[in-house]
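Engineer: Sharing final11.csv here; it has CSV, C-alpha atoms.
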```
chain,number,residue,atom,x,y,z
S,1,MET,CA,-18.8,0.8,-20.4
S,2,GLU,CA,-15.8,0.9,-22.7
S,3,ALA,CA,-14.5,4.1,-21.0
S,4,LEU,CA,-14.9,2.5,-17.6
S,5,LYS,CA,-13.0,-0.5,-18.8
S,6,ASN,CA,-10.2,1.6,-20.1
S,7,ASN,CA,-10.0,3.6,-16.8
S,8,HIS,CA,-10.0,0.3,-14.9
S,9,LEU,CA,-7.1,-1.0,-17.0
S,10,LYS,CA,-5.2,2.3,-16.8
S,11,PHE,CA,-5.3,2.2,-13.0
S,12,MET,CA,-4.4,-1.5,-13.0
S,13,ALA,CA,-1.3,-0.7,-15.0
S,14,SER,CA,-0.4,2.0,-12.5
S,15,ILE,CA,-0.7,-0.3,-9.5
S,16,ILE,CA,1.3,-3.1,-11.0
S,17,LEU,CA,4.0,-0.7,-12.1
S,18,VAL,CA,4.3,0.9,-8.7
S,19,SER,CA,4.4,-2.4,-6.9
S,20,THR,CA,7.8,-3.8,-6.0
S,21,LEU,CA,7.2,-6.6,-8.4
S,22,THR,CA,10.3,-7.0,-10.6
S,23,MET,CA,10.1,-8.9,-13.8
S,24,SER,CA,12.5,-10.8,-16.1
S,25,LEU,CA,11.9,-11.0,-19.8
S,26,ALA,CA,12.5,-14.5,-21.2
S,27,GLN,CA,13.6,-13.2,-24.6
S,28,GLY,CA,17.3,-12.6,-24.6
S,29,GLY,CA,17.5,-13.0,-20.8
S,30,LEU,CA,16.7,-9.3,-20.3
S,31,GLY,CA,15.8,-8.5,-16.7
S,32,PHE,CA,14.6,-5.2,-15.3
S,33,GLY,CA,13.2,-3.7,-12.0
S,34,LEU,CA,10.2,-1.4,-12.2
S,35,GLY,CA,10.1,1.9,-10.3
S,36,PHE,CA,9.8,5.6,-10.4
S,37,GLY,CA,11.0,8.8,-8.7
S,38,PHE,CA,9.6,12.0,-7.4
S,39,GLY,CA,11.0,14.7,-9.7
S,40,TYR,CA,12.4,11.9,-11.8
S,41,GLY,CA,16.0,12.4,-10.8
S,42,LEU,CA,18.0,9.7,-12.5
S,43,PHE,CA,14.8,7.9,-13.5
S,44,THR,CA,12.9,8.5,-16.7
S,45,PRO,CA,9.7,7.2,-18.2
S,46,ASN,CA,11.8,6.4,-21.3
S,47,PHE,CA,14.4,4.3,-19.6
S,48,TYR,CA,13.5,1.1,-21.6
S,49,ASP,CA,12.8,2.7,-24.9
S,50,ASN,CA,15.9,1.2,-26.5
S,51,SER,CA,16.4,-2.0,-24.6
S,52,CYS,CA,12.8,-3.0,-24.2
S,53,PRO,CA,10.4,-0.7,-26.2
S,54,GLN,CA,7.5,-3.1,-25.7
S,55,VAL,CA,7.7,-3.0,-21.9
S,56,ASN,CA,4.4,-1.2,-21.4
S,57,ASP,CA,2.6,-3.7,-23.6
S,58,VAL,CA,4.2,-6.6,-21.7
S,59,VAL,CA,3.2,-5.2,-18.3
S,60,MET,CA,-0.4,-4.5,-19.5
S,61,SER,CA,-0.7,-8.1,-20.9
S,62,VAL,CA,0.6,-9.6,-17.6
S,63,LEU,CA,-1.7,-7.3,-15.6
S,64,ASP,CA,-4.7,-8.1,-17.7
S,65,ASN,CA,-4.2,-11.9,-17.2
S,66,ALA,CA,-3.5,-11.4,-13.5
S,67,ILE,CA,-6.7,-9.4,-12.8
S,68,ALA,CA,-8.8,-11.8,-14.9
S,69,GLN,CA,-7.6,-14.7,-12.7
S,70,ASP,CA,-7.8,-12.8,-9.4
S,71,PRO,CA,-9.6,-9.4,-9.2
S,72,ARG,CA,-8.0,-8.7,-5.8
S,73,MET,CA,-4.5,-8.6,-7.2
S,74,ALA,CA,-4.3,-4.8,-7.5
S,75,ALA,CA,-5.0,-4.1,-3.9
S,76,SER,CA,-2.4,-6.7,-2.9
S,77,LEU,CA,0.3,-5.1,-5.1
S,78,LEU,CA,-0.5,-1.7,-3.7
S,79,ARG,CA,0.1,-3.0,-0.1
S,80,LEU,CA,3.2,-4.9,-1.3
S,81,HIS,CA,4.7,-1.7,-2.7
S,82,PHE,CA,4.0,0.2,0.5
S,83,HIS,CA,5.5,-2.5,2.8
S,84,ASP,CA,8.6,-2.7,0.6
S,85,CYS,CA,9.3,1.1,0.5
S,86,PHE,CA,9.0,1.6,4.2
S,87,VAL,CA,11.8,-0.8,5.1
S,88,LYS,CA,14.9,0.2,3.2
S,89,GLY,CA,13.4,1.9,0.2
S,90,CYS,CA,11.7,0.6,-2.9
S,91,GLU,CA,14.1,-2.1,-4.0
S,92,ALA,CA,12.0,-5.3,-4.0
S,93,SER,CA,13.6,-6.8,-0.9
S,94,VAL,CA,10.2,-7.8,0.3
S,95,LEU,CA,10.0,-10.3,-2.6
S,96,LEU,CA,13.0,-12.3,-1.5
S,97,ASP,CA,12.5,-15.8,0.0
S,98,ASN,CA,14.5,-17.1,2.9
S,99,SER,CA,18.2,-17.8,2.1
S,100,PRO,CA,21.2,-19.0,4.1
S,101,SER,CA,22.2,-15.3,4.3
S,102,PHE,CA,19.0,-13.7,5.5
S,103,MET,CA,15.4,-14.2,6.6
S,104,SER,CA,12.7,-13.1,4.3
S,105,GLU,CA,10.7,-10.0,5.1
S,106,LYS,CA,7.6,-12.1,4.1
S,107,ASN,CA,7.8,-13.7,7.6
S,108,ALA,CA,7.8,-10.4,9.5
S,109,VAL,CA,4.6,-9.7,11.5
S,110,PRO,CA,3.2,-6.9,9.2
S,111,ASN,CA,3.7,-9.2,6.1
S,112,ALA,CA,2.8,-12.7,7.4
S,113,ASN,CA,-0.7,-13.7,6.1
S,114,SER,CA,-0.9,-10.4,4.2
S,115,LEU,CA,-4.4,-9.6,3.2
S,116,ARG,CA,-5.9,-8.8,-0.2
S,117,GLY,CA,-8.6,-6.4,-1.4
S,118,PHE,CA,-10.8,-5.5,-4.3
S,119,GLU,CA,-10.3,-2.8,-6.9
S,120,SER,CA,-11.8,-0.8,-9.7
S,121,GLY,CA,-11.3,2.8,-10.8
S,122,GLY,CA,-8.9,5.4,-9.4
S,123,PRO,CA,-6.0,7.6,-10.3
S,124,SER,CA,-3.1,7.0,-12.7
S,125,TRP,CA,0.3,8.7,-13.1
S,126,GLU,CA,3.5,8.6,-15.2
S,127,LEU,CA,6.2,6.4,-13.8
S,128,PRO,CA,9.9,7.0,-14.4
S,129,LEU,CA,11.8,3.7,-14.6
S,130,GLY,CA,15.3,2.5,-14.0
S,131,ARG,CA,15.7,1.2,-10.4
S,132,ARG,CA,17.6,-1.9,-9.4
S,133,ASP,CA,16.9,-4.7,-7.0
S,134,SER,CA,18.2,-5.4,-3.5
S,135,THR,CA,20.6,-8.3,-2.8
S,136,THR,CA,19.3,-8.9,0.7
S,137,ALA,CA,16.2,-8.7,2.9
S,138,TYR,CA,15.6,-6.9,6.1
S,139,PHE,CA,13.4,-9.0,8.4
S,140,ASN,CA,14.0,-7.1,11.6
S,141,LEU,CA,13.5,-3.7,10.0
S,142,ALA,CA,10.2,-4.9,8.5
S,143,ASN,CA,9.0,-5.7,12.0
S,144,THR,CA,9.9,-2.3,13.3
S,145,THR,CA,9.5,0.3,10.5
S,146,ILE,CA,6.1,-0.5,8.8
S,147,PRO,CA,3.4,1.6,10.5
S,148,ALA,CA,1.2,-0.5,12.7
S,149,PRO,CA,-2.7,-0.5,12.8
S,150,VAL,CA,-2.5,0.4,16.5
S,151,PHE,CA,-0.4,3.6,16.0
S,152,ASN,CA,-1.9,6.9,17.1
S,153,VAL,CA,-1.7,9.9,14.8
S,154,GLN,CA,1.5,11.2,16.4
S,155,GLN,CA,3.2,7.9,15.9
S,156,LEU,CA,2.0,7.7,12.3
S,157,LEU,CA,3.2,11.2,11.5
S,158,GLN,CA,6.6,10.6,13.2
S,159,ASN,CA,7.0,7.4,11.2
S,160,PHE,CA,6.3,9.2,7.9
S,161,LEU,CA,8.5,12.2,8.8
S,162,SER,CA,11.4,9.9,9.6
S,163,ARG,CA,11.3,8.7,6.0
S,164,GLY,CA,11.2,12.1,4.4
S,165,LEU,CA,7.4,12.0,3.9
S,166,ASP,CA,4.9,14.5,5.3
S,167,ALA,CA,1.3,14.9,6.5
S,168,VAL,CA,0.0,15.0,2.9
S,169,ASP,CA,1.8,11.8,2.2
S,170,LEU,CA,0.4,10.2,5.4
S,171,VAL,CA,-3.2,11.1,4.8
S,172,SER,CA,-3.3,10.5,1.0
S,173,LEU,CA,-1.5,7.2,1.2
S,174,SER,CA,-3.7,6.1,4.1
S,175,GLY,CA,-6.5,6.5,1.5
S,176,GLY,CA,-5.1,3.3,-0.1
S,177,HIS,CA,-7.3,1.6,2.6
S,178,THR,CA,-10.2,2.3,0.3
S,179,LEU,CA,-9.2,-1.2,-1.1
S,180,GLY,CA,-8.6,-4.5,0.7
S,181,LEU,CA,-9.6,-6.4,3.7
S,182,ALA,CA,-8.5,-6.6,7.3
S,183,ARG,CA,-8.5,-9.5,9.8
S,184,CYS,CA,-10.3,-9.1,13.1
S,185,THR,CA,-7.0,-9.5,15.0
S,186,ASN,CA,-6.0,-6.1,13.6
S,187,PHE,CA,-8.9,-4.2,15.2
S,188,LYS,CA,-10.6,-6.4,17.7
S,189,LYS,CA,-9.1,-4.6,20.7
S,190,ARG,CA,-11.1,-1.5,19.6
S,191,LEU,CA,-14.3,-3.4,19.9
S,192,TYR,CA,-14.0,-4.7,23.4
S,193,ASN,CA,-11.1,-3.4,25.4
S,194,GLN,CA,-9.3,-0.4,23.8
S,195,ASN,CA,-7.8,1.0,27.0
S,196,GLY,CA,-7.7,-2.1,29.2
S,197,ASN,CA,-11.0,-1.2,30.9
S,198,ASN,CA,-13.2,-3.6,29.0
S,199,GLN,CA,-14.7,-0.7,27.0
S,200,PRO,CA,-14.7,-0.1,23.2
S,201,ASP,CA,-12.9,2.7,21.5
S,202,ALA,CA,-15.0,5.7,22.2
S,203,THR,CA,-14.4,7.1,18.7
S,204,ILE,CA,-16.3,4.2,17.0
S,205,GLU,CA,-19.8,5.0,15.8
S,206,MET,CA,-22.2,2.7,17.7
S,207,THR,CA,-24.0,1.1,14.8
S,208,PHE,CA,-20.7,0.4,13.2
S,209,LEU,CA,-19.4,-1.0,16.5
S,210,ASN,CA,-22.3,-3.5,16.6
S,211,GLU,CA,-21.8,-4.5,13.0
S,212,LEU,CA,-18.1,-5.2,13.6
S,213,ARG,CA,-18.9,-7.2,16.8
S,214,GLY,CA,-21.1,-9.4,14.6
S,215,VAL,CA,-18.0,-10.2,12.5
S,216,CYS,CA,-15.5,-10.4,15.3
S,217,PRO,CA,-16.7,-12.1,18.5
S,218,PRO,CA,-14.9,-11.5,21.8
S,219,SER,CA,-13.0,-14.8,21.5
S,220,GLY,CA,-12.0,-16.6,18.3
S,221,GLY,CA,-12.6,-15.4,14.8
S,222,ASP,CA,-9.3,-13.6,14.6
S,223,ASN,CA,-8.9,-14.4,10.9
S,224,ASN,CA,-12.4,-13.3,10.0
S,225,LEU,CA,-12.3,-10.6,7.3
S,226,THR,CA,-14.1,-7.3,6.7
S,227,PRO,CA,-13.5,-4.6,4.2
S,228,LEU,CA,-11.3,-1.6,5.2
S,229,ASP,CA,-13.9,0.5,3.3
S,230,TYR,CA,-17.2,-1.2,3.7
S,231,ALA,CA,-19.1,1.5,1.8
S,232,THR,CA,-17.5,0.9,-1.6
S,233,PRO,CA,-15.2,-2.1,-1.1
S,234,ARG,CA,-14.8,-2.6,-4.9
S,235,SER,CA,-13.9,1.0,-5.8
S,236,PHE,CA,-10.9,3.2,-5.4
S,237,ASP,CA,-12.6,6.4,-4.3
S,238,ASN,CA,-12.7,8.8,-1.4
S,239,SER,CA,-15.4,7.0,0.6
S,240,TYR,CA,-12.6,5.9,3.1
S,241,PHE,CA,-12.4,9.6,4.3
S,242,LYS,CA,-16.1,10.0,4.4
S,243,LEU,CA,-16.4,7.0,6.7
S,244,ILE,CA,-13.7,8.4,9.0
S,245,LEU,CA,-15.8,11.6,9.4
S,246,GLU,CA,-18.6,9.4,10.6
S,247,GLY,CA,-16.5,7.5,13.1
S,248,ARG,CA,-16.4,4.4,10.8
S,249,GLY,CA,-12.7,4.0,10.2
S,250,LEU,CA,-12.0,0.4,10.6
S,251,LEU,CA,-8.4,0.4,12.1
S,252,PHE,CA,-7.5,2.5,15.1
S,253,SER,CA,-4.8,4.1,12.9
S,254,ASP,CA,-7.5,5.0,10.3
S,255,GLN,CA,-9.8,6.8,12.8
S,256,GLN,CA,-6.8,8.5,14.5
S,257,LEU,CA,-6.4,10.6,11.4
S,258,TYR,CA,-9.5,12.5,12.6
S,259,SER,CA,-8.5,12.7,16.2
S,260,GLY,CA,-8.0,16.4,16.0
S,261,ASN,CA,-4.5,16.2,17.6
S,262,PHE,CA,-2.8,17.5,14.5
S,263,PRO,CA,-5.0,20.1,12.7
S,264,ILE,CA,-3.3,19.7,9.3
S,265,VAL,CA,-4.1,16.0,9.3
S,266,THR,CA,-7.7,16.6,10.3
S,267,GLN,CA,-8.0,19.3,7.6
S,268,LEU,CA,-6.7,16.9,4.9
S,269,VAL,CA,-9.2,14.2,5.9
S,270,ASN,CA,-12.0,16.8,5.4
S,271,LEU,CA,-10.6,18.0,2.1
S,272,TYR,CA,-10.3,14.5,0.7
S,273,ALA,CA,-13.8,13.6,1.8
S,274,GLN,CA,-15.1,16.7,-0.1
S,275,ASP,CA,-12.9,16.5,-3.2
S,276,GLU,CA,-12.1,13.1,-4.7
S,277,ASN,CA,-10.0,14.6,-7.5
S,278,LEU,CA,-7.7,16.3,-4.9
S,279,PHE,CA,-7.3,13.0,-3.1
S,280,PHE,CA,-6.5,11.3,-6.4
S,281,ASN,CA,-3.9,13.9,-7.3
S,282,ASP,CA,-2.2,13.9,-3.9
S,283,PHE,CA,-2.3,10.1,-3.8
S,284,ALA,CA,-0.5,9.9,-7.1
S,285,ARG,CA,2.1,12.4,-6.1
S,286,SER,CA,2.7,10.7,-2.8
S,287,MET,CA,3.1,7.3,-4.5
S,288,VAL,CA,5.8,8.7,-6.7
S,289,LYS,CA,7.4,10.4,-3.8
S,290,MET,CA,7.4,7.2,-1.7
S,291,GLY,CA,8.7,5.3,-4.7
S,292,ASN,CA,11.8,7.4,-4.6
S,293,LEU,CA,12.8,6.4,-1.1
S,294,SER,CA,16.4,5.2,-1.2
S,295,PRO,CA,16.5,3.8,-4.8
S,296,LEU,CA,19.3,1.6,-5.9
S,297,LEU,CA,20.9,3.0,-9.0
S,298,GLY,CA,24.0,2.5,-11.2
S,299,ASN,CA,26.0,-0.4,-9.9
S,300,ASP,CA,24.2,-0.7,-6.6
S,301,GLY,CA,22.0,-3.8,-6.2
S,302,GLU,CA,21.4,-6.0,-9.1
S,303,ILE,CA,18.9,-6.9,-11.8
S,304,ARG,CA,17.3,-10.1,-10.5
S,305,GLN,CA,16.8,-13.0,-12.9
S,306,ASN,CA,14.3,-14.4,-10.4
S,307,CYS,CA,12.1,-12.1,-8.3
S,308,HIS,CA,12.4,-14.3,-5.2
S,309,ARG,CA,16.1,-14.9,-4.9
S,310,VAL,CA,19.3,-13.0,-5.5
S,311,ASN,CA,21.3,-13.9,-8.6
S,312,TYR,CA,24.2,-15.8,-6.9
S,313,TYR,CA,21.9,-18.5,-5.6
```
Starting from the file, lay out its structure as structure tokens.

Structural biologist:
Amino acid sequence: MEALKNNHLKFMASIILVSTLTMSLAQGGLGFGLGFGFGYGLFTPNFYDNSCPQVNDVVMSVLDNAIAQDPRMAASLLRLHFHDCFVKGCEASVLLDNSPSFMSEKNAVPNANSLRGFESGGPSWELPLGRRDSTTAYFNLANTTIPAPVFNVQQLLQNFLSRGLDAVDLVSLSGGHTLGLARCTNFKKRLYNQNGNNQPDATIEMTFLNELRGVCPPSGGDNNLTPLDYATPRSFDNSYFKLILEGRGLLFSDQQLYSGNFPIVTQLVNLYAQDENLFFNDFARSMVKMGNLSPLLGNDGEIRQNCHRVNYY
């Protein structure tokens, strides 16, 4: 049990560090943004060794308290990080509230009423630090660049490729759906009228279809919730891929990974379903790679004193 607890906390630390959550230390007014980079580049895991040698302990303490108060927090932070990185890079613009100069990304369609999940277990990885924070938000880009749950596999792959990511990144990061919940509004069309002919999505396994219809009626219930991974909704594992093999991917975009239209994508789903360690390793690498999308360094951006507003307000 002690080993399980330690692994649980280790992964919690990874999630909160890779999230776009920036923090300000009260002592001495020291602020910093958390981040990491593929191949490190100008980042380093030792970035705060001199200015804030206790940073890891501080993060772990904050994390421990947050998880104790809300066990779903890790999945929420994972999604927050993804939605931040896919807009203008990982620079915490998603955290900014509305201001006279810009509209918050929080109000964009993919982010409004953002859902939360459950978490335990999973991979961990070393995180180089040193990024800075955005001085603006990108509401319109958030509406157009974050992959939608109705995307087919070609759209998903094109979306990732346009950001310098590849098929491995697409499939491994999609595995983050092993955590969290989804509202019926994000997949109801699959259940009743996928192609405008009043028929369900033919790729859904029939028993699963009937179960989902019990949660999501034809009219109403748009905010009803169901786990993205109903098999092990409280664990970060590879059951998400096993479910896809059975036709039990919840979102249209999930099941599209096994459509067969791109053999490399199909092969990766099979591999991750068979080998959880491979999934964990690729997920960790892809998280680091995604975390290096358009970082703000040097004099670019700022070190926010408050996560939710730029310093000049």

Engineer: Just to confirm, what's the straight-line distance from atom CA of Asp254 of chain S to atom CA of Asp237 of chain S in Å (one decimal)?

Structural biologist: 15.5 Å

Engineer: Can you pull out the residues contacting Tyr272 of chain S? Cut-off 10 Å, using only C-alpha atoms, and skip same-chain residues under 3 positions away; I want them as a list in words.

Structural biologist: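 Listed by chain and then number, they are Val171, Ser172, Gly175, Asp237, Asn238, Ser239, Tyr240, Phe241, Lys242, Gln267, Leu268, Val269, Asp275, Glu276, Asn277, Leu278, Phe279, Phe280 and Asp282 of chain S.
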
Engineer: Got time to write the residues from that selection, C-alpha atoms, as a compact mmCIF listing (two decimals), in the frame of the given file?

Structural biologist:
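Final output, saved to result.txt:
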```txt
# COMPACT_ATOMS: atom_id res chain seq x y z
CA VAL S 171 -3.20 11.10 4.80
CA SER S 172 -3.30 10.50 1.00
CA GLY S 175 -6.50 6.50 1.50
CA ASP S 237 -12.60 6.40 -4.30
CA ASN S 238 -12.70 8.80 -1.40
CA SER S 239 -15.40 7.00 0.60
CA TYR S 240 -12.60 5.90 3.10
CA PHE S 241 -12.40 9.60 4.30
CA LYS S 242 -16.10 10.00 4.40
CA GLN S 267 -8.00 19.30 7.60
CA LEU S 268 -6.70 16.90 4.90
CA VAL S 269 -9.20 14.20 5.90
CA ASP S 275 -12.90 16.50 -3.20
CA GLU S 276 -12.10 13.10 -4.70
CA ASN S 277 -10.00 14.60 -7.50
CA LEU S 278 -7.70 16.30 -4.90
CA PHE S 279 -7.30 13.00 -3.10
CA PHE S 280 -6.50 11.30 -6.40
CA ASP S 282 -2.20 13.90 -3.90
```

Engineer: So which one's closest to Pro263 of chain S, S:Leu161, S:Cys307, S:Leu243, S:Val153? Using all atoms listed in the file, please.

Structural biologist: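 Going through S:Leu161, S:Cys307, S:Leu243, S:Val153 one by one, the smallest distance to Pro263 of chain S is for S:Val153.
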
Engineer: Considering all atoms listed in the file, can you say which of S:Val94, S:Pro123, S:Ile244, S:Glu205 comes closest to Leu141 of chain S?

Structural biologist: S:Val94

Engineer: Calculated over only C-alpha atoms, which of the candidates S:Ala167, S:Ala182, S:Val215, S:Leu209 has the smallest distance to Leu228 of chain S?

Structural biologist: S:Ala182

Engineer: Can you work out the spacing between atom CA of Arg190 of chain S and atom CA of Gly220 of chain S in Å, to one decimal?

Structural biologist: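 Value for the atom CA of Arg190 of chain S-atom CA of Gly220 of chain S distance: 15.2 Å.
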
Engineer: Out of S:Gln69, S:Ser51, S:Gln256, S:Ser93, which residue has the shortest atom-to-atom distance to Gly130 of chain S when counting only C-alpha atoms?

Structural biologist: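 Ranked by minimum distance to Gly130 of chain S, first place goes to S:Ser51.
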
Engineer: Restricting the calculation to only C-alpha atoms, which member of S:Ser134, S:Ser286, S:Gln194, S:Ser253 is positioned closest to Gly301 of chain S?

Structural biologist: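 Distance minimum relative to Gly301 of chain S lands on S:Ser134.
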
Engineer: Skip Gln255 of chain S itself and residues of its chain fewer than 6 positions away, then list as a ChimeraX atom specification all residues within 8 Å of it, counting all atoms listed in the file.

Structural biologist: /S:203,244,247-249

Engineer: If we count only C-alpha atoms, what is near Pro200 of chain S at a cut-off of 12 Å, once residues fewer than 5 positions away on the same chain are taken out, given as a VMD selection string?

Structural biologist: chain S and resid 187 to 195 205 to 206 208 to 210 212 to 213 218 252

Engineer: I'd like to know which of S:Thr178, S:Asn224, S:Thr145, S:Thr266 is closest to Cys85 of chain S, using only C-alpha atoms.

Structural biologist: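 Of S:Thr178, S:Asn224, S:Thr145, S:Thr266, the one nearest Cys85 of chain S is S:Thr145, counting only C-alpha atoms.
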
Engineer: What is the distance, in Å and to one decimal place, between atom CA of Leu179 of chain S and atom CA of Tyr258 of chain S?

Structural biologist: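 We find that atom CA of Leu179 of chain S and atom CA of Tyr258 of chain S lie 19.4 Å from each other.
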
Engineer: With all atoms listed in the file as the counted atoms, please give the residues lying no more than 6 Å from segment 225-227 of chain S, apart from itself and same-chain residues fewer than 3 positions off, as a list in words.

Structural biologist: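 What passes the distance filter is Leu181, Ala182, Arg183 and Tyr230 of chain S.
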
Engineer: Filtering to N, CA, C and O atoms, could segment 202-222 of chain S of the supplied structure be written out as a short mmCIF file (atom, residue, chain, number, x, y, z; two decimals), in the first residue's frame?

Structural biologist:
```cif
data_model
loop_
_atom_site.label_atom_id
_atom_site.label_comp_id
_atom_site.auth_asym_id
_atom_site.auth_seq_id
_atom_site.Cartn_x
_atom_site.Cartn_y
_atom_site.Cartn_z
N ALA S 202 -22.12 3.14 -36.69
CA ALA S 202 -22.01 1.69 -36.88
C ALA S 202 -20.80 1.09 -36.18
O ALA S 202 -20.72 -0.13 -36.03
N THR S 203 -19.87 1.93 -35.72
CA THR S 203 -18.67 1.40 -35.08
C THR S 203 -18.87 1.14 -33.58
O THR S 203 -17.98 0.58 -32.93
N ILE S 204 -20.00 1.55 -33.02
CA ILE S 204 -20.25 1.34 -31.59
C ILE S 204 -20.74 -0.08 -31.33
O ILE S 204 -21.68 -0.55 -31.97
N GLU S 205 -20.12 -0.76 -30.40
CA GLU S 205 -20.56 -2.08 -29.99
C GLU S 205 -21.98 -1.97 -29.39
O GLU S 205 -22.27 -1.06 -28.63
N MET S 206 -22.86 -2.91 -29.74
CA MET S 206 -24.29 -2.76 -29.47
C MET S 206 -24.62 -2.69 -27.98
O MET S 206 -25.47 -1.89 -27.57
N THR S 207 -24.00 -3.53 -27.18
CA THR S 207 -24.28 -3.47 -25.74
C THR S 207 -23.87 -2.13 -25.17
O THR S 207 -24.59 -1.52 -24.36
N PHE S 208 -22.72 -1.64 -25.60
CA PHE S 208 -22.24 -0.34 -25.16
C PHE S 208 -23.19 0.76 -25.62
O PHE S 208 -23.49 1.70 -24.88
N LEU S 209 -23.69 0.65 -26.84
CA LEU S 209 -24.65 1.61 -27.37
C LEU S 209 -25.87 1.70 -26.47
O LEU S 209 -26.32 2.80 -26.10
N ASN S 210 -26.42 0.56 -26.10
CA ASN S 210 -27.61 0.55 -25.25
C ASN S 210 -27.32 1.13 -23.87
O ASN S 210 -28.17 1.82 -23.29
N GLU S 211 -26.13 0.84 -23.34
CA GLU S 211 -25.75 1.40 -22.05
C GLU S 211 -25.68 2.93 -22.12
O GLU S 211 -26.15 3.63 -21.22
N LEU S 212 -25.08 3.44 -23.19
CA LEU S 212 -24.95 4.89 -23.34
C LEU S 212 -26.31 5.55 -23.55
O LEU S 212 -26.55 6.66 -23.05
N ARG S 213 -27.19 4.89 -24.27
CA ARG S 213 -28.53 5.44 -24.46
C ARG S 213 -29.28 5.54 -23.14
O ARG S 213 -30.15 6.40 -22.96
N GLY S 214 -28.94 4.66 -22.19
CA GLY S 214 -29.54 4.75 -20.87
C GLY S 214 -29.09 5.97 -20.09
O GLY S 214 -29.80 6.46 -19.22
N VAL S 215 -27.91 6.47 -20.43
CA VAL S 215 -27.37 7.68 -19.78
C VAL S 215 -27.80 8.93 -20.53
O VAL S 215 -28.08 9.97 -19.91
N CYS S 216 -27.87 8.82 -21.85
CA CYS S 216 -28.12 9.98 -22.71
C CYS S 216 -29.38 9.75 -23.54
O CYS S 216 -29.31 9.12 -24.61
N PRO S 217 -30.54 10.25 -23.10
CA PRO S 217 -31.77 10.07 -23.86
C PRO S 217 -31.75 10.88 -25.15
O PRO S 217 -30.92 11.79 -25.31
N PRO S 218 -32.66 10.60 -26.10
CA PRO S 218 -32.67 11.32 -27.37
C PRO S 218 -32.83 12.84 -27.21
O PRO S 218 -32.26 13.60 -27.98
N SER S 219 -33.59 13.25 -26.22
CA SER S 219 -33.75 14.68 -25.96
C SER S 219 -33.49 14.95 -24.49
O SER S 219 -33.84 14.13 -23.63
N GLY S 220 -32.85 16.08 -24.20
CA GLY S 220 -32.50 16.39 -22.83
C GLY S 220 -31.29 15.61 -22.37
O GLY S 220 -30.72 14.79 -23.11
N GLY S 221 -30.87 15.86 -21.15
CA GLY S 221 -29.75 15.14 -20.57
C GLY S 221 -28.40 15.47 -21.15
O GLY S 221 -27.45 14.69 -20.98
N ASP S 222 -28.28 16.61 -21.82
CA ASP S 222 -27.01 16.93 -22.48
C ASP S 222 -25.85 17.05 -21.51
O ASP S 222 -24.69 16.85 -21.89
#
```
